[in-house]
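model_17.txt, holding compact mmCIF, C-alpha atoms and all ligand atoms:
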```
# COMPACT_ATOMS: atom_id res chain seq x y z
CA MET G 168 -17.75 -5.16 18.31
CA PRO G 169 -17.09 -5.43 14.62
CA GLY G 170 -13.91 -4.11 13.17
CA ARG G 171 -12.08 -3.08 16.35
CA VAL G 172 -8.31 -3.14 16.47
CA ARG G 173 -7.07 -4.97 19.51
CA PRO G 174 -3.67 -3.99 20.85
CA GLY G 175 -1.16 -6.74 20.15
CA GLY G 176 -3.50 -8.48 17.70
CA GLU G 177 -3.00 -9.25 14.04
CA GLY G 178 -5.48 -7.52 11.74
CA LEU G 179 -9.05 -6.66 12.59
CA HIS G 180 -11.23 -8.63 14.97
CA ARG G 181 -14.86 -9.26 15.80
CA GLY G 182 -14.81 -10.32 19.43
CA ASP G 183 -12.14 -13.01 19.58
CA GLU G 184 -12.47 -13.87 15.92
CA VAL G 185 -9.80 -12.61 13.53
CA LEU G 186 -11.67 -11.28 10.53
CA SER G 187 -10.56 -12.56 7.17
CA GLY G 188 -9.68 -10.06 4.48
CA ASP G 189 -13.07 -10.54 2.82
CA GLN G 190 -14.94 -10.07 6.07
CA GLN G 191 -12.99 -6.96 6.94
CA PHE G 192 -13.07 -4.89 3.85
CA ALA G 193 -14.45 -6.63 0.79
CA VAL G 194 -16.43 -4.21 -1.31
CA PRO G 195 -19.86 -5.86 -1.52
CA ALA G 196 -21.24 -6.53 -4.95
CA GLY G 197 -23.82 -3.91 -5.81
CA SER G 198 -22.32 -1.23 -3.59
CA ALA G 199 -20.38 0.47 -6.33
CA PRO G 200 -19.45 3.95 -5.18
CA SER G 201 -21.06 5.90 -8.00
CA SER G 202 -24.42 4.16 -7.64
CA ALA G 203 -24.21 4.62 -3.88
CA LEU G 204 -23.90 8.34 -4.32
CA SER G 205 -26.28 8.85 -7.19
CA ASP G 206 -29.23 8.20 -4.87
CA PRO G 207 -28.11 9.07 -1.38
CA ARG G 208 -31.47 8.15 0.12
CA THR G 209 -31.24 4.56 -1.00
CA ALA G 210 -27.89 2.90 -1.62
CA TRP G 211 -25.86 5.42 0.33
CA GLN G 212 -28.07 5.26 3.38
CA TRP G 213 -28.18 1.52 3.14
CA GLU G 214 -24.41 1.39 3.29
CA PHE G 215 -23.80 4.00 5.99
CA ASN G 216 -27.05 4.00 7.91
CA PRO G 217 -25.48 2.11 10.83
CA CYS G 218 -23.21 5.10 11.52
CA ILE G 219 -23.83 6.14 15.12
CA GLN G 220 -22.00 9.46 14.70
CA CYS G 221 -19.58 8.54 17.45
CA GLY G 222 -16.69 10.43 15.87
CA MET G 223 -14.12 7.66 16.35
CA CYS G 224 -13.21 7.99 12.67
CA GLY G 225 -12.30 11.66 12.96
CA GLY G 226 -10.49 11.03 16.21
CA ALA G 227 -8.38 8.34 14.59
CA CYS G 228 -7.61 10.25 11.41
CA PRO G 229 -4.14 11.82 11.30
CA LEU G 230 -5.35 14.50 8.89
CA ALA G 231 -8.83 15.25 10.26
CA PHE G 232 -7.52 18.43 11.88
CA ALA G 233 -7.05 19.88 8.41
CA MET G 234 -10.29 18.60 6.85
CA ASP G 235 -13.22 20.96 6.29
CA HIS G 236 -15.47 18.04 7.31
CA THR G 237 -14.45 15.00 9.33
CA PRO G 238 -15.50 11.60 7.98
CA ARG G 239 -18.28 11.54 10.61
CA ARG G 240 -19.70 14.87 9.44
CA ALA G 241 -19.29 13.93 5.76
CA ILE G 242 -21.30 10.77 6.40
CA TYR G 243 -24.01 12.76 8.19
CA LEU G 244 -24.24 15.30 5.37
CA ALA G 245 -24.22 12.61 2.70
CA LYS G 246 -26.96 10.67 4.48
CA GLU G 247 -29.03 13.84 4.50
CA GLY G 248 -28.45 14.20 0.77
CA LEU G 249 -26.22 17.25 1.31
CA LEU G 250 -23.35 16.05 -0.82
CA ASP G 251 -22.49 19.31 -2.51
CA PRO G 252 -20.69 20.96 0.42
CA VAL G 253 -18.72 17.77 0.98
CA LEU G 254 -17.66 17.43 -2.65
CA ARG G 255 -16.59 21.08 -2.75
CA SER G 256 -14.58 20.76 0.46
CA ASN G 257 -10.96 19.72 0.87
CA MET G 258 -11.81 16.61 2.90
CA LEU G 259 -12.03 14.15 0.04
CA TRP G 260 -8.49 15.03 -1.08
CA LEU G 261 -6.92 14.76 2.37
CA CYS G 262 -7.52 11.05 2.88
CA VAL G 263 -4.39 8.95 2.37
CA SER G 264 -6.14 5.59 2.85
CA CYS G 265 -4.39 4.72 6.08
CA TYR G 266 -7.40 2.64 7.28
CA ASN G 267 -7.14 4.05 10.81
CA CYS G 268 -10.75 5.21 10.76
CA THR G 269 -11.97 1.91 9.33
CA ALA G 270 -10.00 -0.05 11.90
CA ARG G 271 -11.62 1.84 14.76
CA CYS G 272 -15.18 2.27 13.53
CA PRO G 273 -17.35 0.43 16.12
CA THR G 274 -19.98 -0.36 13.49
CA GLY G 275 -17.48 -1.76 10.98
CA LEU G 276 -18.23 0.74 8.24
CA LYS G 277 -15.92 0.71 5.21
CA ILE G 278 -14.95 4.35 5.42
CA THR G 279 -11.67 3.98 3.54
CA ASP G 280 -12.82 1.49 0.94
CA ILE G 281 -16.30 2.92 0.27
CA LEU G 282 -16.72 6.49 1.56
CA PHE G 283 -13.67 8.19 0.09
CA PRO G 284 -13.64 6.41 -3.29
CA ALA G 285 -17.38 7.19 -3.49
CA LEU G 286 -16.87 10.88 -2.77
CA ARG G 287 -14.01 11.13 -5.23
CA ASP G 288 -15.97 9.24 -7.86
CA ALA G 289 -18.86 11.66 -7.35
CA ALA G 290 -16.49 14.64 -7.66
CA ILE G 291 -15.02 13.23 -10.88
CA ASN G 292 -18.49 12.54 -12.29
CA ALA G 293 -19.66 16.02 -11.28
CA GLY G 294 -16.82 17.50 -13.33
CA LEU G 295 -15.27 19.21 -10.32
CA GLN G 296 -11.66 20.28 -10.67
CA LEU G 297 -9.24 17.60 -9.49
CA PRO G 298 -5.82 18.28 -7.98
CA GLY G 299 -3.40 18.50 -10.93
CA GLU G 300 -0.85 15.90 -9.86
CA PHE G 301 -3.64 13.48 -8.97
CA LYS G 302 -5.34 13.91 -12.34
CA LYS G 303 -2.05 13.47 -14.20
CA ALA G 304 -1.31 10.19 -12.41
CA LEU G 305 -4.74 8.84 -13.31
CA ASP G 306 -4.42 10.04 -16.92
CA ASN G 307 -1.02 8.34 -17.11
CA THR G 308 -2.49 5.09 -15.85
CA TYR G 309 -5.26 5.26 -18.47
CA ARG G 310 -2.74 5.81 -21.24
CA TYR G 311 0.26 3.75 -20.19
CA GLY G 312 -0.91 1.30 -17.50
CA ASN G 313 1.22 3.05 -14.88
CA SER G 314 0.93 6.32 -12.98
CA LEU G 315 4.46 7.38 -13.88
CA GLY G 316 3.60 7.72 -17.56
CA GLU G 317 6.37 5.39 -18.74
CA GLY G 318 6.22 3.13 -21.79
CA PRO G 319 5.77 -0.64 -21.55
CA ARG G 320 9.18 -1.50 -23.00
CA LYS G 321 10.96 0.42 -20.24
CA ARG G 322 9.22 -1.75 -17.65
CA ILE G 323 11.95 -4.34 -17.80
CA GLU G 324 15.02 -2.11 -17.99
CA TRP G 325 15.70 -2.45 -14.27
CA ALA G 326 16.48 -6.14 -14.82
CA LYS G 327 19.66 -5.29 -16.75
CA GLY G 328 21.26 -4.17 -13.49
CA ALA G 329 20.18 -7.19 -11.43
CA GLY G 330 23.24 -9.28 -12.28
CA VAL G 331 21.12 -12.44 -12.45
CA PRO G 332 18.74 -13.76 -15.10
CA VAL G 333 15.20 -12.40 -14.76
CA PRO G 334 12.88 -14.64 -16.82
CA VAL G 335 9.89 -13.10 -18.56
CA ALA G 336 6.74 -15.23 -18.62
CA SER G 337 5.99 -14.68 -22.32
CA GLN G 338 9.45 -15.99 -23.24
CA LEU G 339 9.57 -18.87 -20.78
CA ARG G 340 6.91 -20.94 -22.55
CA ARG G 341 6.46 -23.35 -19.63
CA PRO G 342 4.65 -23.39 -16.30
CA PHE G 343 6.64 -21.86 -13.45
CA ASP G 344 6.29 -21.77 -9.69
CA VAL G 345 6.10 -18.09 -8.89
CA LEU G 346 4.77 -15.12 -10.82
CA TRP G 347 6.44 -11.99 -9.50
CA LEU G 348 4.34 -8.87 -10.03
CA VAL G 349 7.05 -6.22 -9.94
CA GLU G 350 4.51 -3.36 -10.08
CA CYS G 351 5.06 0.18 -11.28
CA TYR G 352 7.42 1.98 -8.89
CA PRO G 353 9.96 -0.89 -8.64
CA SER G 354 9.85 -1.18 -12.43
CA TYR G 355 10.35 2.48 -13.27
CA HIS G 356 11.43 4.63 -10.32
CA PRO G 357 15.24 4.70 -9.96
CA ARG G 358 15.04 4.55 -6.15
CA ASN G 359 12.88 1.45 -6.29
CA GLN G 360 14.64 -0.28 -9.17
CA VAL G 361 17.51 -1.17 -6.83
CA GLN G 362 14.95 -2.94 -4.63
CA ALA G 363 13.66 -4.94 -7.60
CA GLN G 364 17.24 -5.87 -8.45
CA ALA G 365 17.85 -6.97 -4.86
CA MET G 366 14.68 -9.07 -4.93
CA ALA G 367 15.77 -10.79 -8.16
CA ARG G 368 19.11 -11.73 -6.58
CA ILE G 369 17.45 -13.00 -3.41
CA LEU G 370 14.91 -15.11 -5.33
CA ARG G 371 17.73 -16.59 -7.38
CA ALA G 372 19.82 -17.27 -4.30
CA VAL G 373 17.04 -19.17 -2.55
CA GLY G 374 16.33 -21.14 -5.74
CA VAL G 375 12.87 -19.87 -6.65
CA ASP G 376 11.53 -20.75 -10.12
CA PHE G 377 10.02 -17.35 -10.98
CA ALA G 378 9.06 -15.19 -13.91
CA ILE G 379 7.89 -11.60 -14.34
CA LEU G 380 5.38 -10.19 -16.82
CA GLY G 381 7.76 -7.54 -18.18
CA PRO G 382 6.28 -5.21 -20.81
CA GLU G 383 2.87 -6.88 -20.53
CA GLU G 384 2.44 -5.86 -16.89
CA HIS G 385 -0.01 -3.10 -15.96
CA CYS G 386 -0.73 -1.59 -12.55
CA VAL G 387 -2.89 -3.80 -10.30
CA GLY G 388 -4.91 -0.64 -9.59
CA ASP G 389 -5.28 -0.42 -5.81
CA CYS G 390 -4.44 3.28 -5.57
CA GLU G 391 -6.65 4.01 -8.58
CA ARG G 392 -9.51 2.20 -6.80
CA LEU G 393 -8.97 4.19 -3.61
CA ALA G 394 -8.59 7.36 -5.66
CA GLY G 395 -12.19 6.82 -6.77
CA GLU G 396 -11.46 6.13 -10.44
CA LYS G 397 -13.85 3.22 -10.59
CA GLY G 398 -13.86 2.90 -14.37
CA LEU G 399 -10.08 2.90 -14.53
CA PHE G 400 -9.84 0.32 -11.78
CA GLU G 401 -12.34 -1.93 -13.52
CA SER G 402 -10.43 -1.71 -16.80
CA LEU G 403 -7.18 -2.56 -14.99
CA VAL G 404 -8.84 -5.56 -13.33
CA GLU G 405 -10.16 -6.77 -16.67
CA TYR G 406 -6.75 -6.42 -18.30
CA ASN G 407 -4.89 -8.06 -15.43
CA VAL G 408 -7.26 -10.99 -15.09
CA SER G 409 -7.01 -11.85 -18.79
CA LEU G 410 -3.22 -11.45 -18.67
CA LEU G 411 -2.81 -13.69 -15.63
CA ASP G 412 -5.10 -16.27 -17.23
CA LYS G 413 -2.53 -16.69 -20.00
CA TYR G 414 0.09 -18.22 -17.73
CA GLU G 415 0.37 -21.30 -15.59
CA PHE G 416 2.01 -20.62 -12.25
CA GLY G 417 1.76 -21.74 -8.65
CA GLU G 418 1.50 -18.45 -6.78
CA ILE G 419 1.98 -14.69 -7.07
CA ILE G 420 4.44 -12.59 -5.10
CA THR G 421 4.89 -8.85 -5.05
CA SER G 422 6.89 -6.25 -3.18
CA ASP G 423 4.01 -3.76 -3.40
CA PRO G 424 1.66 -3.82 -0.38
CA HIS G 425 -1.05 -2.11 -2.43
CA ALA G 426 -0.97 -4.81 -5.10
CA PHE G 427 -1.03 -7.38 -2.29
CA ASN G 428 -3.99 -5.60 -0.68
CA SER G 429 -5.99 -5.50 -3.90
CA LEU G 430 -5.24 -9.06 -4.97
CA THR G 431 -5.96 -10.38 -1.48
CA ARG G 432 -9.15 -8.48 -0.69
CA VAL G 433 -10.62 -6.76 -3.71
CA TYR G 434 -10.03 -8.99 -6.73
CA PRO G 435 -11.72 -11.92 -4.90
CA ALA G 436 -14.78 -9.74 -4.28
CA LEU G 437 -14.85 -9.25 -8.05
CA GLY G 438 -14.70 -12.99 -8.64
CA LYS G 439 -10.98 -13.61 -9.12
CA THR G 440 -8.93 -15.22 -6.36
CA TYR G 441 -5.19 -15.83 -6.62
CA PRO G 442 -2.71 -17.36 -4.20
CA VAL G 443 -0.71 -14.22 -3.42
CA LYS G 444 2.01 -13.31 -0.93
CA HIS G 445 3.94 -10.18 -0.17
CA TYR G 446 7.67 -10.81 -0.26
CA VAL G 447 7.96 -10.46 3.53
CA GLN G 448 5.73 -13.53 3.94
CA PHE G 449 7.30 -15.44 1.09
CA LEU G 450 10.87 -14.92 2.33
CA ALA G 451 10.02 -15.38 6.01
CA GLU G 452 8.68 -18.82 5.05
CA ARG G 453 12.05 -19.58 3.47
CA LEU G 454 14.27 -18.36 6.31
CA ASP G 455 15.81 -21.83 6.70
CA THR G 456 17.26 -21.45 3.20
CA LEU G 457 17.84 -17.71 3.32
CA LYS G 458 19.50 -17.35 6.71
CA PRO G 459 22.71 -19.29 5.90
CA LEU G 460 23.17 -16.94 2.92
CA LEU G 461 23.17 -13.86 5.18
CA THR G 462 26.89 -13.95 5.81
CA HIS G 463 27.80 -10.25 6.07
CA ARG G 464 27.00 -8.32 9.22
CA VAL G 465 24.87 -5.17 8.97
CA GLU G 466 25.84 -3.50 12.24
CA ALA G 467 22.95 -1.15 12.94
CA ARG G 468 20.01 -0.25 15.10
CA VAL G 469 17.05 -0.68 12.78
CA THR G 470 13.46 0.43 13.26
CA TYR G 471 10.68 -0.86 11.01
CA HIS G 472 7.80 1.19 9.63
CA ASP G 473 4.57 -0.84 9.40
CA ASN G 474 2.90 0.27 6.19
CA CYS G 475 -0.89 0.48 6.30
CA CYS G 476 -1.71 -2.23 3.74
CA LEU G 477 0.48 -4.96 5.20
CA GLY G 478 -0.16 -3.91 8.79
CA ARG G 479 -3.58 -2.53 9.62
CA MET G 480 -5.18 -4.06 6.54
CA CYS G 481 -3.65 -7.50 6.39
CA GLY G 482 -2.20 -8.06 9.88
CA LEU G 483 1.32 -8.82 8.63
CA TYR G 484 3.39 -7.54 11.52
CA ASP G 485 5.73 -10.40 12.37
CA ALA G 486 7.14 -11.51 9.00
CA PRO G 487 9.08 -8.27 8.28
CA ARG G 488 10.50 -8.32 11.80
CA GLU G 489 11.55 -11.97 11.44
CA LEU G 490 13.48 -11.07 8.30
CA LEU G 491 15.21 -8.14 9.99
CA ARG G 492 16.14 -10.20 13.05
CA ALA G 493 17.68 -12.82 10.75
CA ILE G 494 20.26 -10.34 9.49
CA PRO G 495 23.46 -10.65 11.55
CA GLY G 496 24.36 -7.41 13.31
CA VAL G 497 20.86 -5.90 13.21
CA THR G 498 19.33 -4.71 16.47
CA LEU G 499 15.62 -4.13 16.00
CA VAL G 500 14.08 -1.27 17.96
CA GLU G 501 10.42 -0.29 17.89
CA MET G 502 8.86 3.10 17.37
CA PRO G 503 6.32 4.28 19.97
CA PHE G 504 3.59 4.02 17.33
CA ALA G 505 4.13 0.60 15.79
CA ARG G 506 2.13 -2.28 14.37
CA GLU G 507 -1.61 -1.41 14.34
CA ASN G 508 -0.87 2.04 15.75
CA ALA G 509 1.68 2.96 13.11
CA LEU G 510 1.32 6.35 11.47
CA CYS G 511 0.83 6.28 7.70
CA CYS G 512 3.62 7.58 5.43
CA GLY G 513 0.96 9.55 3.57
CA GLY G 514 1.61 7.94 0.20
CA GLY G 515 -1.16 5.37 -0.12
CA GLY G 516 -4.46 5.47 -1.96
CA GLY G 517 -3.37 8.32 -4.19
CA GLY G 518 -1.65 10.21 -1.35
CA MET G 519 1.54 10.17 -3.46
CA TRP G 520 -0.30 12.43 -5.91
CA LEU G 521 -1.88 14.68 -3.30
CA ASP G 522 1.21 15.89 -1.46
CA THR G 523 0.78 19.51 -2.55
CA VAL G 524 -2.89 19.63 -1.54
CA ILE G 525 -2.12 18.00 1.79
CA TRP G 526 0.82 20.30 2.43
CA GLN G 527 -1.32 23.36 1.70
CA ALA G 528 -4.09 22.21 4.05
CA ALA G 529 -2.10 20.57 6.83
CA GLY G 530 1.26 22.31 6.66
CA GLU G 531 3.07 18.98 6.82
CA ARG G 532 3.34 15.62 5.16
CA LEU G 533 2.66 12.57 7.29
CA SER G 534 6.07 11.19 6.31
CA ASP G 535 7.63 14.22 8.04
CA ARG G 536 5.74 13.39 11.24
CA ARG G 537 6.59 9.70 10.92
CA ILE G 538 10.29 10.33 10.42
CA GLY G 539 10.23 12.02 13.85
CA HIS G 540 8.92 8.77 15.35
CA ALA G 541 11.74 6.85 13.66
CA LEU G 542 14.45 9.30 14.76
CA ALA G 543 13.22 9.11 18.36
CA THR G 544 14.32 5.47 18.52
CA GLY G 545 17.95 6.39 17.90
CA ALA G 546 18.04 3.92 15.01
CA GLY G 547 20.46 4.46 12.15
CA ILE G 548 18.27 2.67 9.61
CA LEU G 549 14.56 3.02 8.92
CA ALA G 550 13.49 -0.26 7.30
CA VAL G 551 10.48 -0.32 4.98
CA SER G 552 8.65 -2.87 2.86
CA CYS G 553 6.69 -0.66 0.46
CA PRO G 554 8.14 0.97 -2.67
CA PHE G 555 6.41 4.31 -1.97
CA GLU G 556 8.21 4.75 1.29
CA SER G 557 11.93 4.91 0.51
CA SER G 558 11.81 8.15 -1.43
CA ARG G 559 9.09 9.64 0.76
CA PHE G 560 11.08 9.13 3.96
CA GLU G 561 14.34 10.18 2.31
CA ASP G 562 12.64 13.42 1.23
CA SER G 563 11.35 13.87 4.76
CA LEU G 564 14.81 13.37 6.24
CA LYS G 565 15.96 16.24 4.01
CA SER G 566 12.97 18.53 4.55
CA THR G 567 13.14 18.14 8.33
CA GLY G 568 16.89 18.84 8.37
CA ASN G 569 17.84 15.31 9.38
CA GLU G 570 19.70 14.16 6.29
CA GLY G 571 22.66 12.02 7.35
CA THR G 572 21.13 11.14 10.72
CA MET G 573 19.41 8.02 9.43
CA VAL G 574 19.15 6.08 6.17
CA VAL G 575 16.07 4.45 4.69
CA ARG G 576 16.37 0.92 3.34
CA ASP G 577 13.85 -1.57 2.05
CA ILE G 578 14.19 -4.92 3.84
CA LEU G 579 15.17 -6.34 0.45
CA GLU G 580 18.17 -4.02 0.32
CA LEU G 581 19.28 -5.06 3.80
CA LEU G 582 18.94 -8.77 3.01
CA ASP G 583 20.86 -8.26 -0.21
CA GLU G 584 23.59 -6.34 1.60
CA SER G 585 23.92 -9.13 4.11
CA MET G 586 24.10 -11.68 1.30
CA ARG G 587 26.68 -9.86 -0.79
CA GLY G 588 28.43 -7.39 1.46
CA ARG G 589 28.19 -3.63 1.18
CA GLY G 590 30.15 -3.45 -2.08
CA GLY G 591 27.93 -6.05 -3.68
CA ALA G 592 30.58 -8.75 -4.02
CA ALA G 593 29.33 -12.32 -3.85
CA ALA G 594 29.78 -13.79 -0.40
S1 LIG G 601 -16.42 5.71 13.55
FE1 LIG G 601 -18.00 4.66 12.29
S2 LIG G 601 -19.90 4.83 13.50
FE2 LIG G 601 -18.46 6.34 14.37
S3 LIG G 601 -18.91 8.27 13.26
FE3 LIG G 601 -17.28 7.26 12.13
S4 LIG G 601 -18.32 6.05 10.56
FE4 LIG G 601 -19.87 6.59 12.09
S1 LIG G 602 -8.27 6.36 5.85
FE1 LIG G 602 -6.84 7.46 7.21
S2 LIG G 602 -6.54 9.46 6.22
FE2 LIG G 602 -8.40 8.54 5.31
S3 LIG G 602 -10.06 9.39 6.57
FE3 LIG G 602 -9.51 7.36 7.41
S4 LIG G 602 -8.05 7.85 9.04
FE4 LIG G 602 -8.19 9.69 7.73
```

Let me see the structure of the file written as structure tokens.
Ligand code: SF4
Ligand code: SF4
Amino acid sequence: MPGRVRPGGEGLHRGDEVLSGDQQFAVPAGSAPSSALSDPRTAWQWEFNPCIQCGMCGGACPLAFAMDHTPRRAIYLAKEGLLDPVLRSNMLWLCVSCYNCTARCPTGLKITDILFPALRDAAINAGLQLPGEFKKALDNTYRYGNSLGEGPRKRIEWAKGAGVPVPVASQLRRPFDVLWLVECYPSYHPRNQVQAQAMARILRAVGVDFAILGPEEHCVGDCERLAGEKGLFESLVEYNVSLLDKYEFGEIITSDPHAFNSLTRVYPALGKTYPVKHYVQFLAERLDTLKPLLTHRVEARVTYHDNCCLGRMCGLYDAPRELLRAIPGVTLVEMPFARENALCCGGGGGGMWLDTVIWQAAGERLSDRRIGHALATGAGILAVSCPFESSRFEDSLKSTGNEGTMVVRDILELLDESMRGRGGAAA
């Protein structure tokens, strides 16, 4: 059975074979969403003809209950050429790209990577009104290279608070080992800047020869791709590829699971392959060096939220847990829905910019539901490894009346605390 998630497995499988990223979700050349939709009786049918209308996708979707049409029904209507009612429905704005449907589709259809971007692309091309916040984020990315609408020079301001040198590639003028793509939220968002600062200190402490792109960096574009802004995504890819070609480095690391997802699975399908790791992999591989530096105890029950890109998409379940277990004092406890069954935080694939629409349709945010799973473990810390999640879950702790019951920390923050002590003094 193609594309089935096996309990306890890593990533998606076909029989006993673990599917590679390309096999799982690569967007095939020639299946561009807009062309797929412009002639539903040719390209669209070709892509989704194998749909057996089993309904697994709707059953797996955490927001299907609020959709005017489930993915199954949308596929049926689209195959029949009846796109209009789908495009005018709420369903295309309620997908948060959690990949649950894709992971469970028995025919291996790329519902998340093809269907929803295609529908959104068609809505954009048809001139239909887009949700305001969503449109603003895309406009910002067109104008500034980031969805927050911040200027390029501010991209590096976070580094002033890191307390360690943060080399910029354009100033280094030599090959270096590791190119760190900081990405947009850790560069600009105050809640995530502390995570970037922690990462800089950790990389320094373990002796990594790294550089960042600084003001030259633009968004990698994964959420823009999933949001259906094909033209914007293509322009970001073009910019990023020519920028990366300027520098000589050994590998790329990032703290953003979406950037990791795109560089691992989508850029290669467009002809550009990079050696790329998320920081949880990169640091887990260096635990021999890192562990002796973790000298301060972090006495806490900690539960880890598997984000969709690292987990369901890329099968990275063990590395974040290895890092957490390496911190003295940490007791790791699991949520009932963990690993491949984890519930999405609701922020991916443009979900960050669709909160209002989702709230109006569903009466909740997925992060509110997920925080309930975390609280049920009795943990005092919810650990995350995606920049979107800290502020989302902190908001949810407040909106569900649980502020003070639990704190949300990126794994980077916990490692940094264990390295330096709570006050930040050097160990
Ligand atoms: S799970 Fe796959 S085969 Fe089943 S209805 Fe959904 S898209 Fe079609
Ligand atoms: S990706 Fe997630 S939110 Fe989107 S349709 Fe599939 S299951 Fe639902």

Exercise for review: Could you give me, as a PyMOL selection string, the residues within 12 Å of region 237-251 of chain G, counting all atoms listed in the file and dropping anything in the same chain fewer than 6 positions from it?
Suggested key: chain G and resi 203-231+257-262+267-269+272+276-279+281-283+285-287+289-290+293+295

Exercise for review: Show me as a ChimeraX atom specification the residues that reach within 6 Å of (15.0, -3.0, -0.4), counting only C-alpha atoms and using the file's own coordinates.
Suggested key: /G:362,576-580

**Study point:** Residue among G:Val331, G:Ile525, G:Ile419, G:Ala486 lying closest to Met234 (chain G), counting all atoms listed in the file
**Key:** G:Ile525

Point to revise | d(CA of Met502 (chain G), CA of Met586 (chain G)) in Å | key: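 These two atoms are separated by 26.6 Å.
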
Point to revise | Non-local contacts of Leu549 (chain G) (12 Å; all atoms listed in the file; under 4 positions in same chain excluded) as number ranges by chain | key: G: 467-473, 491, 497-502, 537-545, 556-561, 564, 572-578, 580-581

Review point. Smallest atom-to-atom distance to Gly328 (chain G): which of G:Leu346, G:Met366, G:Cys265, G:Leu315, using all atoms listed in the file?
Key: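 Of G:Leu346, G:Met366, G:Cys265, G:Leu315, the one nearest Gly328 (chain G) is G:Met366, counting all atoms listed in the file.
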
Exercise for review: Report the distance between CA of Gly547 (chain G) and CA of Asp485 (chain G) in Å, rounded to one decimal place.
Suggested key: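 Spanning CA of Gly547 (chain G) to CA of Asp485 (chain G) is a straight-line distance of 20.9 Å.
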
Edge lengths and centre in Å, axis-aligned, ligand LIG 601 (chain G) plus 5 Å each side, as lines of an AutoDock Vina configuration file:
```
center_x = -18.2
center_y = 6.5
center_z = 12.5
size_x = 13.5
size_y = 13.6
size_z = 13.8
```

Exercise for review: Write out as a PyMOL selection string each polymer residue whose atoms come within 6 Å of Glu418 (chain G), counting only C-alpha atoms; drop sequence neighbours fewer than 5 positions from it.
Suggested key: chain G and resi 345+442-443

Review point. Do you know which residues are at most 7 Å from Glu507 (chain G) counting only C-alpha atoms, after dropping those on the same chain fewer than 2 positions away, and could you put them as JSON, numbers by chain?
Key: {"G": [478, 479, 505, 509]}

Practice item. For each of G:Ser585, G:Ser264, G:Ser422, G:Thr274, take the minimum atom-to-atom distance to ligand LIG 601 (chain G), counting only C-alpha atoms and all ligand atoms, then give the residue where this is smallest. Key: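 Nearest to ligand LIG 601 (chain G): G:Thr274.
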
Review point. In terms of the shortest atom-to-atom distance over all atoms listed in the file, which of G:Glu350, G:Asp455, G:Asp280, G:Asp235 is closest to ligand LIG 601 (chain G)?
Key: G:Asp280

Quick one: residues within 8 Å of Asp423 (chain G), only C-alpha atoms counted, chain neighbours fewer than 2 positions away excluded, as a PDB file with C-alpha atoms, in the frame of the given file?
```pdb
ATOM      1  CA  VAL G 349       7.050  -6.220  -9.940  1.00  0.00           C
ATOM      2  CA  GLU G 350       4.510  -3.360 -10.080  1.00  0.00           C
ATOM      3  CA  THR G 421       4.890  -8.850  -5.050  1.00  0.00           C
ATOM      4  CA  HIS G 425      -1.050  -2.110  -2.430  1.00  0.00           C
ATOM      5  CA  ALA G 426      -0.970  -4.810  -5.100  1.00  0.00           C
ATOM      6  CA  PHE G 427      -1.030  -7.380  -2.290  1.00  0.00           C
ATOM      7  CA  HIS G 445       3.940 -10.180  -0.170  1.00  0.00           C
ATOM      8  CA  SER G 552       8.650  -2.870   2.860  1.00  0.00           C
ATOM      9  CA  CYS G 553       6.690  -0.660   0.460  1.00  0.00           C
ATOM     10  CA  PRO G 554       8.140   0.970  -2.670  1.00  0.00           C
TER      11      PRO G 554
END
```

Check your understanding: In Å, with one decimal, what is the gap from CA of His236 (chain G) to CA of Ser256 (chain G)?
Key ->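 The value is 7.4 Å.
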
Practice item. Check the smallest atom-to-atom distance from each of G:Val375, G:Leu410, G:Ala336, G:Met480 to Arg271 (chain G) using only C-alpha atoms, then report the winner. Key: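 Closest to Arg271 (chain G), using only C-alpha atoms: G:Met480.
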
Point to revise | Nearest to ligand LIG 601 (chain G) by atom-to-atom distance, counting all atoms listed in the file, from G:Ala270, G:Cys475, G:Cys351, G:Val263 | key: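 Checking each of G:Ala270, G:Cys475, G:Cys351, G:Val263 against ligand LIG 601 (chain G), counting all atoms listed in the file, the winner is G:Ala270.
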
Please complete region 332-338 of chain G so it has N, CA and C atoms, and hand it over as a short mmCIF file (atom, residue, chain, number, x, y, z; two decimals), in the frame of the given file.
```
data_model
loop_
_atom_site.label_atom_id
_atom_site.label_comp_id
_atom_site.auth_asym_id
_atom_site.auth_seq_id
_atom_site.Cartn_x
_atom_site.Cartn_y
_atom_site.Cartn_z
N PRO G 332 19.81 -13.67 -14.11
CA PRO G 332 18.74 -13.76 -15.10
C PRO G 332 17.37 -13.47 -14.48
N VAL G 333 16.56 -12.70 -15.20
CA VAL G 333 15.20 -12.40 -14.76
C VAL G 333 14.25 -12.88 -15.86
N PRO G 334 13.72 -14.10 -15.75
CA PRO G 334 12.88 -14.64 -16.82
C PRO G 334 11.57 -13.88 -16.99
N VAL G 335 11.16 -13.75 -18.24
CA VAL G 335 9.89 -13.10 -18.56
C VAL G 335 8.90 -14.19 -18.99
N ALA G 336 7.70 -14.14 -18.43
CA ALA G 336 6.74 -15.23 -18.62
C ALA G 336 6.47 -15.53 -20.09
N SER G 337 6.34 -14.47 -20.91
CA SER G 337 5.99 -14.68 -22.32
C SER G 337 7.10 -15.41 -23.08
N GLN G 338 8.34 -15.32 -22.55
CA GLN G 338 9.45 -15.99 -23.24
C GLN G 338 9.75 -17.37 -22.66
#
```
